[in-house]
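Worksheet: the structure to be examined is printed underneath.
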Amino acid sequence: MNILYTFNALTLLSRDGKYYARYDAGAHLPAMREDHITETEFRVAVERPENAGRMLFELQRRLIDSGVDPYASNID
């Protein structure tokens, strides 16, 4: 695992040639998640800090559309 970018509570990393976002998705309690993102999403997020929040919103919307609860931790 290589940490490529960190901004506030968002960490972008690579592992086995894929990109991942690690972040706290909880509202009132911590709920750490690590989700696969595309190379395009990675590049958008690191381009400017304000893009990182937009990338996370789009990621959470994609998780909801696929039936995954984006606010529940998926990290042990």
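Please note that chains go A, B, ... in the order of the structure tokens, that every chain numbers its residues from 1, and that ligands are numbered from 1 in the order shown.
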
Mind checking which residues fall within 12 Å of A:Asp16, counting only C-alpha atoms, ignoring those fewer than 5 positions away in the same chain, and posting them as JSON, numbers by chain? {"A": [1, 2, 36]}

What's the 12 Å shell around A:Ala27, counting only C-alpha atoms, without same-chain residues fewer than 6 positions away, as a list of chain:residue names?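 Residues meeting the cut-off are A:Pro70, A:Tyr71, A:Ala72, A:Ser73.
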
Preceding selection exported with N, CA and C atoms as a PDB file, in the first residue's frame:
```
ATOM      1  N   PRO A  70     -23.080   3.673   2.253  1.00  0.00           N
ATOM      2  CA  PRO A  70     -21.820   4.397   2.234  1.00  0.00           C
ATOM      3  C   PRO A  70     -21.436   5.004   3.577  1.00  0.00           C
ATOM      4  N   TYR A  71     -22.292   4.860   4.581  1.00  0.00           N
ATOM      5  CA  TYR A  71     -22.034   5.450   5.891  1.00  0.00           C
ATOM      6  C   TYR A  71     -21.630   4.413   6.942  1.00  0.00           C
ATOM      7  N   ALA A  72     -21.518   3.160   6.529  1.00  0.00           N
ATOM      8  CA  ALA A  72     -21.104   2.077   7.420  1.00  0.00           C
ATOM      9  C   ALA A  72     -19.636   1.742   7.156  1.00  0.00           C
ATOM     10  N   SER A  73     -18.901   1.509   8.214  1.00  0.00           N
ATOM     11  CA  SER A  73     -17.500   1.171   8.078  1.00  0.00           C
ATOM     12  C   SER A  73     -17.328  -0.162   7.340  1.00  0.00           C
TER      13      SER A  73
END
```

Go through A:Met55, A:Ile3, A:Ile64, A:Ala9 and flag the residue nearest A:Pro30, using only C-alpha atoms for the distances.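 Using only C-alpha atoms, the shortest distance to A:Pro30 belongs to A:Ala9.
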
Could you give me, as a VMD selection string, each residue of chain A that DSSP assigns to alpha helix (DSSP H) when run on this structure's backbone? chain A and resid 39 to 47 49 to 65

Any chance you could list, as a list in words, the residues in chain A that come up strand (DSSP E) when DSSP is run on the backbone?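 Output for chain A, strand (DSSP E) only: Asn2, Ile3, Leu4, Tyr5, Thr6, Phe7, Leu10, Thr11, Leu12, Leu13, Ser14, Arg15, Lys18, Tyr19, Tyr20, Ala21, Arg22, Tyr23, Asp24, Met32, Arg33, Glu34, Asp35, His36 and Ile37 of chain A.
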
Take the residues from that selection and write them out as a JSON list (two decimals), in the first residue's frame, keeping N, CA and C atoms.
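This went into out26.json:
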```json
[["chain", "number", "residue", "atom", "x", "y", "z"],
["A", 2, "ASN", "N", 0.60, 2.17, -0.89],
["A", 2, "ASN", "CA", 1.33, 3.42, -0.96],
["A", 2, "ASN", "C", 0.37, 4.58, -0.76],
["A", 3, "ILE", "N", 0.62, 5.40, 0.24],
["A", 3, "ILE", "CA", -0.20, 6.58, 0.45],
["A", 3, "ILE", "C", 0.27, 7.63, -0.56],
["A", 4, "LEU", "N", -0.66, 8.12, -1.39],
["A", 4, "LEU", "CA", -0.33, 9.05, -2.44],
["A", 4, "LEU", "C", -0.74, 10.48, -2.13],
["A", 5, "TYR", "N", -1.76, 10.64, -1.30],
["A", 5, "TYR", "CA", -2.31, 11.97, -1.06],
["A", 5, "TYR", "C", -3.10, 11.95, 0.23],
["A", 6, "THR", "N", -2.97, 13.00, 1.03],
["A", 6, "THR", "CA", -3.76, 13.14, 2.25],
["A", 6, "THR", "C", -4.26, 14.57, 2.33],
["A", 7, "PHE", "N", -5.55, 14.71, 2.59],
["A", 7, "PHE", "CA", -6.16, 16.02, 2.77],
["A", 7, "PHE", "C", -7.26, 15.89, 3.81],
["A", 10, "LEU", "N", -9.24, 12.61, 4.43],
["A", 10, "LEU", "CA", -9.22, 11.77, 3.23],
["A", 10, "LEU", "C", -7.79, 11.35, 2.93],
["A", 11, "THR", "N", -7.60, 10.05, 2.71],
["A", 11, "THR", "CA", -6.32, 9.52, 2.27],
["A", 11, "THR", "C", -6.55, 8.75, 0.98],
["A", 12, "LEU", "N", -5.77, 9.08, -0.04],
["A", 12, "LEU", "CA", -5.83, 8.35, -1.31],
["A", 12, "LEU", "C", -4.58, 7.48, -1.39],
["A", 13, "LEU", "N", -4.78, 6.22, -1.72],
["A", 13, "LEU", "CA", -3.67, 5.29, -1.76],
["A", 13, "LEU", "C", -3.77, 4.37, -2.95],
["A", 14, "SER", "N", -2.69, 3.69, -3.23],
["A", 14, "SER", "CA", -2.68, 2.69, -4.30],
["A", 14, "SER", "C", -2.23, 1.36, -3.72],
["A", 15, "ARG", "N", -2.81, 0.32, -4.27],
["A", 15, "ARG", "CA", -2.47, -1.05, -3.85],
["A", 15, "ARG", "C", -2.75, -1.95, -5.04],
["A", 18, "LYS", "N", -4.29, -0.39, -8.17],
["A", 18, "LYS", "CA", -5.62, 0.23, -8.10],
["A", 18, "LYS", "C", -5.57, 1.37, -7.09],
["A", 19, "TYR", "N", -6.51, 2.30, -7.26],
["A", 19, "TYR", "CA", -6.61, 3.45, -6.36],
["A", 19, "TYR", "C", -7.75, 3.26, -5.37],
["A", 20, "TYR", "N", -7.53, 3.76, -4.15],
["A", 20, "TYR", "CA", -8.53, 3.65, -3.09],
["A", 20, "TYR", "C", -8.61, 4.96, -2.33],
["A", 21, "ALA", "N", -9.82, 5.25, -1.84],
["A", 21, "ALA", "CA", -10.04, 6.39, -0.96],
["A", 21, "ALA", "C", -10.34, 5.84, 0.42],
["A", 22, "ARG", "N", -9.61, 6.32, 1.41],
["A", 22, "ARG", "CA", -9.87, 5.95, 2.81],
["A", 22, "ARG", "C", -10.35, 7.22, 3.51],
["A", 23, "TYR", "N", -11.50, 7.12, 4.16],
["A", 23, "TYR", "CA", -12.10, 8.34, 4.73],
["A", 23, "TYR", "C", -13.08, 7.97, 5.83],
["A", 24, "ASP", "N", -13.42, 8.97, 6.63],
["A", 24, "ASP", "CA", -14.41, 8.81, 7.69],
["A", 24, "ASP", "C", -15.77, 9.19, 7.12],
["A", 32, "MET", "N", -14.96, 4.48, 9.44],
["A", 32, "MET", "CA", -13.91, 4.49, 8.43],
["A", 32, "MET", "C", -14.25, 3.55, 7.28],
["A", 33, "ARG", "N", -14.05, 4.06, 6.08],
["A", 33, "ARG", "CA", -14.29, 3.27, 4.86],
["A", 33, "ARG", "C", -13.05, 3.33, 3.99],
["A", 34, "GLU", "N", -12.91, 2.29, 3.18],
["A", 34, "GLU", "CA", -11.90, 2.28, 2.12],
["A", 34, "GLU", "C", -12.59, 1.74, 0.89],
["A", 35, "ASP", "N", -12.68, 2.58, -0.15],
["A", 35, "ASP", "CA", -13.40, 2.21, -1.36],
["A", 35, "ASP", "C", -12.53, 2.43, -2.58],
["A", 36, "HIS", "N", -12.72, 1.55, -3.57],
["A", 36, "HIS", "CA", -12.00, 1.65, -4.84],
["A", 36, "HIS", "C", -12.47, 2.90, -5.59],
["A", 37, "ILE", "N", -11.52, 3.64, -6.17],
["A", 37, "ILE", "CA", -11.85, 4.76, -7.03],
["A", 37, "ILE", "C", -11.09, 4.60, -8.33]]
```
